[in-house]
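> File model_3.cif follows (mmCIF, C-alpha atoms):
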```cif
data_entry
#
loop_
_atom_site.label_atom_id
_atom_site.label_comp_id
_atom_site.auth_asym_id
_atom_site.auth_seq_id
_atom_site.Cartn_x
_atom_site.Cartn_y
_atom_site.Cartn_z
CA MET V 1 -8.61 -3.09 0.66
CA GLU V 2 -8.40 0.50 -0.48
CA PRO V 3 -5.48 1.28 -2.78
CA ILE V 4 -3.01 3.80 -1.42
CA ILE V 5 -2.46 6.87 -3.60
CA ASN V 6 0.77 6.75 -5.60
CA TRP V 7 1.98 10.26 -4.94
CA HIS V 8 4.29 10.28 -7.94
CA SER V 9 1.34 9.57 -10.20
CA PHE V 10 -0.78 12.12 -8.37
CA PHE V 11 1.73 14.89 -8.89
CA PHE V 12 2.30 13.80 -12.48
CA LEU V 13 -1.44 14.08 -13.09
CA PHE V 14 -1.54 17.48 -11.43
CA PHE V 15 1.37 18.91 -13.44
CA ALA V 16 0.17 17.32 -16.68
CA LEU V 17 -3.32 18.79 -16.28
CA VAL V 18 -1.93 22.24 -15.47
CA THR V 19 0.40 22.09 -18.48
CA CYS V 20 -2.22 20.99 -20.98
CA CYS V 21 -5.03 23.22 -19.71
CA PHE V 22 -2.89 26.34 -19.65
CA ALA V 23 -1.43 25.50 -23.08
CA VAL V 24 -4.98 25.32 -24.46
CA ALA V 25 -5.70 28.59 -22.64
CA VAL V 26 -2.82 30.19 -24.55
CA VAL V 27 -4.55 29.35 -27.81
CA VAL V 28 -8.00 30.39 -26.62
CA ALA V 29 -7.06 33.65 -24.90
CA GLY V 30 -7.55 36.82 -26.88
CA ASN V 31 -5.48 39.24 -24.86
CA VAL V 32 -1.77 38.79 -25.56
CA VAL V 33 -0.77 39.65 -21.98
CA ARG V 34 -2.97 36.86 -20.66
CA MET V 35 -1.46 34.52 -23.22
CA ALA V 36 2.01 35.33 -21.88
CA CYS V 37 0.90 34.67 -18.28
CA TYR V 38 -0.73 31.36 -19.17
CA LEU V 39 2.41 30.33 -21.05
CA VAL V 40 4.56 31.09 -18.00
CA VAL V 41 2.37 28.82 -15.84
CA SER V 42 2.39 26.08 -18.46
CA LEU V 43 6.18 26.11 -18.74
CA GLY V 44 6.53 26.07 -14.96
CA ALA V 45 4.35 22.97 -14.81
CA VAL V 46 6.51 21.36 -17.53
CA SER V 47 9.47 21.93 -15.22
CA GLY V 48 7.56 19.98 -12.54
CA LEU V 49 7.12 17.14 -15.04
CA PHE V 50 10.87 17.15 -15.65
CA PHE V 51 11.59 16.80 -11.94
CA LEU V 52 9.17 13.89 -11.69
CA ALA V 53 10.97 12.11 -14.53
CA GLY V 54 14.30 12.37 -12.69
CA ALA V 55 15.70 15.21 -14.80
CA ASP V 56 16.60 17.52 -11.95
CA PHE V 57 19.19 19.59 -13.83
CA VAL V 58 17.02 20.05 -16.91
CA GLY V 59 14.05 20.96 -14.72
CA ALA V 60 16.04 23.61 -12.88
CA MET V 61 17.37 24.97 -16.18
CA GLN V 62 13.85 25.04 -17.59
CA LEU V 63 12.75 27.22 -14.69
CA MET V 64 15.74 29.53 -14.95
CA ILE V 65 15.98 29.89 -18.71
CA TYR V 66 12.38 29.61 -19.83
CA VAL V 67 10.36 31.03 -16.97
CA GLY V 68 13.03 33.43 -15.79
CA GLY V 69 14.41 34.50 -19.14
CA THR V 70 12.38 33.85 -22.22
CA MET V 71 9.09 34.78 -20.67
CA VAL V 72 10.47 38.04 -19.31
CA LEU V 73 11.66 38.74 -22.84
CA LEU V 74 8.20 38.03 -24.24
CA VAL V 75 6.54 40.28 -21.69
CA PHE V 76 8.95 43.04 -22.66
CA GLY V 77 7.99 42.49 -26.28
CA VAL V 78 4.32 42.69 -25.40
CA MET V 79 4.91 45.92 -23.50
CA LEU V 80 6.91 47.53 -26.30
CA THR V 81 4.24 46.76 -28.88
CA ALA V 82 1.25 47.71 -26.78
CA LYS V 83 -1.45 49.78 -28.42
CA GLY V 84 -3.32 51.47 -25.64
CA PRO V 85 -2.55 52.78 -22.19
CA PHE V 86 -2.11 50.24 -19.42
CA VAL V 87 -4.84 49.64 -16.87
CA SER V 88 -4.57 50.64 -13.23
CA LEU V 89 -1.72 49.03 -11.30
CA GLU V 90 -3.51 48.63 -7.97
CA THR V 91 -3.47 45.13 -6.45
CA GLY V 92 -6.88 44.08 -5.19
CA ALA V 93 -7.52 42.75 -1.70
CA GLY V 94 -8.40 39.28 -3.01
CA ASN V 95 -5.04 39.04 -4.75
CA TRP V 96 -3.26 40.04 -1.56
CA ILE V 97 -5.02 37.32 0.46
CA LEU V 98 -4.24 34.67 -2.14
CA ALA V 99 -0.62 35.78 -2.35
CA VAL V 100 -0.21 35.69 1.44
CA LEU V 101 -1.74 32.20 1.57
CA ILE V 102 0.51 30.79 -1.11
CA GLY V 103 3.61 32.55 0.17
CA GLY V 104 2.88 31.50 3.73
CA SER V 105 2.49 27.85 2.82
CA LEU V 106 5.72 27.92 0.82
CA VAL V 107 7.57 29.46 3.78
CA ALA V 108 6.09 26.80 6.04
CA ILE V 109 7.31 24.00 3.78
CA LEU V 110 10.79 25.48 3.49
CA VAL V 111 11.16 26.09 7.23
CA GLN V 112 9.93 22.61 8.07
CA THR V 113 12.47 21.12 5.69
CA LEU V 114 15.47 23.08 6.85
CA VAL V 115 14.97 22.55 10.57
CA SER V 116 14.74 18.82 10.06
CA VAL V 117 18.50 18.38 9.49
CA ASP V 118 20.20 18.06 12.88
CA ASP V 119 23.72 18.59 11.57
CA TRP V 120 22.97 22.12 10.43
CA PHE V 121 22.32 23.50 13.91
CA GLY V 122 25.85 24.63 14.57
CA PRO V 123 29.24 23.05 15.16
CA GLU V 124 27.87 20.61 17.71
CA GLY V 125 24.67 19.71 15.96
CA ARG V 126 21.41 19.53 17.85
CA ARG V 127 21.49 17.78 21.23
CA HIS V 128 18.69 15.34 21.79
CA GLU V 129 17.37 14.01 25.09
CA VAL V 130 16.21 10.79 23.51
CA ALA V 131 18.79 8.50 21.95
CA HIS V 132 18.45 7.99 18.20
CA THR V 133 17.63 4.49 17.15
CA THR V 134 19.00 4.92 13.65
CA ASP V 135 22.45 6.41 14.43
CA GLY V 136 23.92 4.07 17.01
CA ASN V 137 27.26 5.90 17.10
CA HIS V 138 25.60 9.16 18.16
CA ALA V 139 23.22 7.78 20.76
CA VAL V 140 25.38 8.08 23.85
CA ASP V 141 27.62 10.95 22.77
CA ALA V 142 24.68 13.23 22.17
CA MET V 143 24.26 13.81 25.87
CA HIS V 144 27.87 14.91 26.30
CA GLY V 145 27.94 17.08 23.20
CA ALA V 146 31.49 16.08 22.34
CA PRO V 147 33.04 18.16 19.52
CA SER V 148 34.11 14.98 17.78
CA GLU V 149 30.47 14.30 17.16
CA ALA V 150 30.40 16.98 14.51
CA ILE V 151 33.42 15.54 12.73
CA GLU V 152 32.19 11.98 12.89
CA THR V 153 30.16 11.29 9.78
CA LYS V 154 27.53 8.71 9.27
CA THR V 155 28.29 5.82 7.03
CA GLY V 156 27.27 6.38 3.43
CA LYS V 157 27.00 9.65 1.52
CA SER V 158 24.20 12.10 2.18
CA ASP V 159 21.79 12.05 -0.70
CA THR V 160 21.10 15.56 -1.91
CA GLY V 161 19.03 14.29 -4.80
CA ALA V 162 20.91 16.11 -7.58
CA HIS V 163 21.98 13.05 -9.52
CA THR V 164 22.30 14.36 -13.05
CA ALA V 165 24.07 17.70 -12.61
CA THR V 166 27.60 16.26 -12.36
CA PRO V 167 27.23 13.77 -15.23
CA ILE V 168 25.75 16.49 -17.44
CA GLY V 169 28.58 18.87 -16.58
CA LEU V 170 31.20 16.24 -17.29
CA GLY V 171 29.40 15.21 -20.48
CA LEU V 172 29.57 18.78 -21.72
CA LEU V 173 33.33 18.67 -21.19
CA GLY V 174 33.69 15.47 -23.20
CA VAL V 175 33.67 12.81 -20.47
CA ARG V 176 30.69 10.46 -20.51
CA VAL V 177 30.69 9.12 -16.97
CA ASP V 178 27.50 7.18 -17.48
CA LYS V 179 29.05 5.02 -20.18
CA LEU V 180 32.52 4.39 -18.83
CA SER V 181 33.03 0.97 -20.34
CA GLN V 182 31.73 -0.04 -23.70
CA GLU V 183 32.86 -3.34 -25.16
CA ASN V 184 31.46 -2.84 -28.64
CA GLU V 185 34.08 -1.11 -30.76
CA ARG V 186 31.57 0.42 -33.14
CA LEU V 187 29.50 1.89 -30.31
CA ARG V 188 32.54 3.32 -28.58
CA GLY V 189 32.93 5.83 -31.38
CA GLY V 190 29.72 7.45 -30.26
CA MET V 191 30.74 7.62 -26.62
CA SER V 192 32.51 10.96 -26.95
CA GLY V 193 31.01 13.72 -24.93
CA TYR V 194 29.17 16.83 -25.97
CA LEU V 195 32.13 19.18 -26.12
CA LEU V 196 31.75 20.11 -29.78
CA PRO V 197 28.02 20.91 -29.56
CA PHE V 198 28.77 22.90 -26.40
CA GLU V 199 31.30 25.06 -28.23
CA ILE V 200 29.03 25.44 -31.24
CA VAL V 201 26.15 26.54 -29.05
CA SER V 202 28.39 29.01 -27.23
CA VAL V 203 29.42 30.67 -30.50
CA HIS V 204 25.78 30.54 -31.61
CA LEU V 205 24.70 32.41 -28.48
CA LEU V 206 27.35 35.05 -29.07
CA VAL V 207 26.21 35.54 -32.66
CA VAL V 208 22.57 35.71 -31.55
CA LEU V 209 23.37 38.32 -28.91
CA ILE V 210 25.16 40.53 -31.39
CA GLY V 211 22.53 40.01 -34.06
CA ALA V 212 19.58 40.70 -31.80
CA ALA V 213 21.25 43.79 -30.33
CA TYR V 214 21.91 45.10 -33.85
CA LEU V 215 18.43 44.29 -35.11
CA ALA V 216 16.68 45.92 -32.18
CA ARG V 217 18.89 48.99 -31.99
CA ALA V 218 17.26 52.34 -31.43
CA ARG V 219 17.16 54.34 -34.63
CA ARG V 220 16.85 58.08 -35.04
CA ARG V 221 13.87 59.09 -37.16
CA GLY V 222 16.08 60.88 -39.69
CA SER V 223 18.01 57.77 -40.68
CA GLU V 224 14.87 55.97 -41.97
CA ILE V 225 13.99 58.81 -44.34
CA SER V 226 17.54 59.03 -45.64
CA GLU V 227 17.51 55.30 -46.45
CA LYS V 228 14.39 55.74 -48.56
CA ASP V 229 15.93 58.71 -50.38
CA LEU V 230 19.04 56.67 -51.04
CA SER V 231 17.12 53.79 -52.60
CA ALA V 232 15.04 56.21 -54.71
CA GLU V 233 18.21 57.80 -56.06
CA LEU V 234 19.71 54.42 -56.85
CA ARG V 235 16.59 53.50 -58.85
CA LYS V 236 16.73 56.78 -60.78
CA GLU V 237 20.30 56.16 -61.79
CA ASN V 238 19.46 52.72 -63.29
CA MET E 1 -9.65 1.40 -34.05
CA ASP E 2 -10.46 -1.28 -31.48
CA GLN E 3 -6.84 -1.45 -30.45
CA LEU E 4 -6.75 2.32 -30.05
CA THR E 5 -9.77 2.37 -27.77
CA GLU E 6 -8.43 -0.60 -25.84
CA SER E 7 -5.07 1.11 -25.31
CA LEU E 8 -6.73 4.34 -24.25
CA SER E 9 -8.98 2.51 -21.83
CA ARG E 10 -5.90 0.97 -20.28
CA LEU E 11 -4.45 4.39 -19.59
CA LEU E 12 -7.41 5.86 -17.74
CA PRO E 13 -8.19 3.62 -14.78
CA ASN E 14 -5.90 3.61 -11.75
CA LEU E 15 -4.17 6.80 -12.78
CA LEU E 16 -3.65 7.63 -9.13
CA THR E 17 -2.51 4.22 -7.93
CA GLN E 18 -0.34 2.82 -10.70
CA PRO E 19 3.09 4.17 -11.57
CA VAL E 20 3.21 6.55 -14.49
CA GLY E 21 4.75 5.27 -17.71
CA LEU E 22 6.41 6.63 -20.81
CA THR E 23 3.08 6.72 -22.66
CA HIS E 24 1.64 9.29 -20.29
CA TYR E 25 4.59 11.61 -20.82
CA LEU E 26 4.36 11.21 -24.59
CA LEU E 27 0.67 12.13 -24.41
CA VAL E 28 1.51 15.37 -22.63
CA GLY E 29 4.25 16.07 -25.17
CA SER E 30 1.90 15.52 -28.08
CA VAL E 31 -0.79 17.76 -26.59
CA LEU E 32 1.78 20.53 -26.11
CA PHE E 33 3.07 20.07 -29.65
CA VAL E 34 -0.36 20.21 -31.31
CA THR E 35 -1.41 23.14 -29.14
CA GLY E 36 1.72 24.99 -30.20
CA ILE E 37 1.05 24.33 -33.86
CA LEU E 38 -2.54 25.56 -33.46
CA CYS E 39 -1.23 28.66 -31.74
CA MET E 40 1.26 29.33 -34.54
CA ALA E 41 -1.38 28.81 -37.19
CA THR E 42 -4.25 30.82 -35.76
CA LYS E 43 -2.75 33.77 -33.96
CA ARG E 44 -2.60 37.10 -35.79
CA ASN E 45 -0.39 38.71 -33.20
CA VAL E 46 3.26 38.03 -34.02
CA LEU E 47 3.99 37.50 -30.31
CA GLY E 48 1.28 34.86 -30.24
CA VAL E 49 3.09 33.02 -33.01
CA LEU E 50 6.28 33.14 -30.92
CA MET E 51 4.44 31.63 -27.98
CA GLY E 52 3.31 28.81 -30.24
CA ILE E 53 6.93 28.13 -31.13
CA GLU E 54 7.81 27.91 -27.43
CA LEU E 55 5.00 25.41 -26.85
CA VAL E 56 6.20 23.22 -29.72
CA LEU E 57 9.76 23.15 -28.40
CA ASN E 58 8.57 22.31 -24.91
CA GLY E 59 6.53 19.42 -26.24
CA ALA E 60 9.67 18.04 -27.86
CA ASN E 61 11.60 18.53 -24.61
CA VAL E 62 9.02 16.56 -22.61
CA ASN E 63 9.49 13.71 -25.08
CA PHE E 64 13.27 13.77 -24.79
CA VAL E 65 13.26 13.82 -21.00
CA ALA E 66 10.68 11.04 -20.84
CA PHE E 67 12.76 8.78 -23.09
CA ALA E 68 15.81 9.49 -20.95
CA SER E 69 14.33 8.04 -17.76
CA PRO E 70 14.94 4.34 -17.13
CA VAL E 71 12.14 3.98 -14.58
CA LEU E 72 9.30 4.98 -16.88
CA ARG E 73 9.49 1.93 -19.10
CA ALA E 74 9.48 -1.81 -18.60
CA ASP E 75 12.69 -2.30 -20.62
CA GLY E 76 14.66 0.21 -18.56
CA GLN E 77 18.02 -0.56 -20.13
CA ASN E 78 16.84 0.84 -23.47
CA ALA E 79 16.38 4.33 -22.07
CA ILE E 80 18.63 6.88 -23.72
CA GLY E 81 19.74 8.23 -20.36
CA LEU E 82 21.95 11.29 -20.26
CA ASP E 83 21.65 11.84 -24.02
CA GLY E 84 18.03 12.84 -23.60
CA HIS E 85 18.86 15.32 -20.87
CA LEU E 86 21.64 16.92 -22.89
CA ILE E 87 19.53 17.16 -26.03
CA ALA E 88 16.78 18.81 -23.97
CA MET E 89 19.38 21.28 -22.61
CA PHE E 90 20.51 22.19 -26.11
CA VAL E 91 16.91 22.63 -27.25
CA ILE E 92 16.28 25.00 -24.33
CA ILE E 93 19.39 27.04 -25.15
CA LEU E 94 18.59 27.26 -28.86
CA ALA E 95 14.96 28.14 -28.17
CA ALA E 96 16.01 31.01 -25.93
CA ALA E 97 18.41 32.29 -28.60
CA GLU E 98 15.76 31.99 -31.30
CA ALA E 99 13.21 33.80 -29.12
CA ALA E 100 15.62 36.72 -28.74
CA VAL E 101 16.14 37.10 -32.49
CA ALA E 102 12.45 36.59 -33.23
CA LEU E 103 11.55 39.33 -30.77
CA ALA E 104 14.04 41.69 -32.43
CA ILE E 105 12.36 40.93 -35.75
CA ALA E 106 8.94 41.51 -34.19
CA LEU E 107 10.08 44.88 -32.86
CA ASN E 108 11.33 45.86 -36.32
CA TYR E 109 8.04 44.73 -37.83
CA TYR E 110 6.15 46.87 -35.35
CA ASN E 111 8.36 49.87 -36.04
CA ASN E 112 7.87 49.58 -39.79
CA HIS E 113 4.20 48.66 -40.01
CA ALA E 114 2.88 50.29 -36.80
CA THR E 115 1.00 47.08 -36.02
CA VAL E 116 1.70 43.59 -34.70
CA ASP E 117 -0.84 42.01 -37.01
CA VAL E 118 0.98 39.53 -39.23
CA ASP E 119 -1.85 39.64 -41.75
CA GLN E 120 -0.87 43.20 -42.59
CA GLY E 121 2.59 42.17 -43.72
CA ASP E 122 1.54 40.97 -47.15
CA GLU E 123 3.52 43.31 -49.41
CA LEU E 124 7.22 43.04 -50.11
CA LYS E 125 8.76 46.46 -49.71
CA GLY E 126 12.22 47.53 -50.78
#
```
Would you kindly transcribe this structure into structure tokens?

Amino acid sequence: MEPIINWHSFFFLFFALVTCCFAVAVVVAGNVVRMACYLVVSLGAVSGLFFLAGADFVGAMQLMIYVGGTMVLLVFGVMLTAKGPFVSLETGAGNWILAVLIGGSLVAILVQTLVSVDDWFGPEGRRHEVAHTTDGNHAVDAMHGAPSEAIETKTGKSDTGAHTATPIGLGLLGVRVDKLSQENERLRGGMSGYLLPFEIVSVHLLVVLIGAAYLARARRRGSEISEKDLSAELRKEN
Amino acid sequence: MDQLTESLSRLLPNLLTQPVGLTHYLLVGSVLFVTGILCMATKRNVLGVLMGIELVLNGANVNFVAFASPVLRADGQNAIGLDGHLIAMFVIILAAAEAAVALAIALNYYNNHATVDVDQGDELKG
């Protein structure tokens, strides 16, 4: 009997291979712009690994902060320290075809997902000719399209899949909802949330912003020469 | 040595049919970490060194998130849970802050030495 593919393992293997191969490509590449592009792909694949391990909030933050922020910063750095003129900015036909293929498949996946929820089709939901077998309370009312159908909810919460965002948010405010009861007195001392590190990191980010803005400020050419003259005069006086 | 080869040979077969475990995630984390260290050590471009730092921090993050998941290990109740996610969040935040300052330093280095080659910065100047 042929074993069925475990899709979780398949996607883990895919993301792990992409991560490791593109990380090695960062080391091997000679051109710094290519290194930055390979690093972006590697970090995006790491975000996929996070999602597969159940860390949905951390995976989303990885995409936003790393791929959307830090890498843009690095590309800016590469641009500002570039030696020669840039090459031509024309996009080749092959790149266009590949982009349309990938974009088209992504649109197809998104559209297929969002039309699959019946409740989102308007205040009355989507009317079906065939009675649902899973929702017994909707089966007969669907034909009449009664407005109460939209208000009537199915039993059980709808699972959006974002299981760690709320506990992380509450943990950052000092409430550890995942460890609500702890009998051991000694362990309970460590059950406080992450409020203090949160505040420390906030101040740290403020300091870093100010420091980086000061360090990277635009200087007039005259000020550099005057600093050298100043230090030369100080040495002559001593 | 025999135990090492035996453990490695247990990882390879049925990669597509068996559930993935903590060991697989730790392997990816270690590859990222070592690759980052190699990048930091061998690159002459200062921005290449910064990319190595990012790789190292991401390797550590993969480890933290893997230890936080209770389904990746046989003794699921020993997983560190939300602590791993929060530590990974703080590492991401601090890495972004450090990348900003390091890029400001790199820009200053470029403005003063007219090159991004770190091998050229071998004299202490007043």
> Using only C-alpha atoms, which chain E residues lie at most 8 Å away from chain V, written as a count of residues only?
48
> Any idea what the distance is between atom CA of Leu195 of chain V and atom CA of Val175 of chain V?
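Distance between the two atoms: 8.7 Å.
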> One decimal, in Å: what's the spacing between atom CA of Asn63 of chain E and atom CA of Ile80 of chain E?
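Atom CA of Ile80 of chain E lies at a distance of 11.5 Å from atom CA of Asn63 of chain E.
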> Kindly give the distance, in Å, that separates atom CA of Phe67 of chain E and atom CA of Gly81 of chain E, rounded to a single decimal.
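Pair atom CA of Phe67 of chain E / atom CA of Gly81 of chain E returns 7.5 Å.
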> Point out the residue among E:Ser30, E:Asn112, E:Ser9, E:Gln120 with the least atom-to-atom distance to Gly59 of chain E, counting only C-alpha atoms.
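Of E:Ser30, E:Asn112, E:Ser9, E:Gln120, the one nearest Gly59 of chain E, counting only C-alpha atoms, is E:Ser30.
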> Select, from E:Ala102, E:Leu124, E:Ala74, E:Ala114, the residue with the minimum atom-to-atom distance to Gly21 of chain E, counting all atoms listed in the file.
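The shortest atom-to-atom distance to Gly21 of chain E comes from E:Ala74.
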> So which one's closest to Glu54 of chain E, E:Ala95, E:Val71, E:Ala41, E:Val34? Using all atoms listed in the file, please.
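Among the listed residues, the smallest separation from Glu54 of chain E belongs to E:Ala95.
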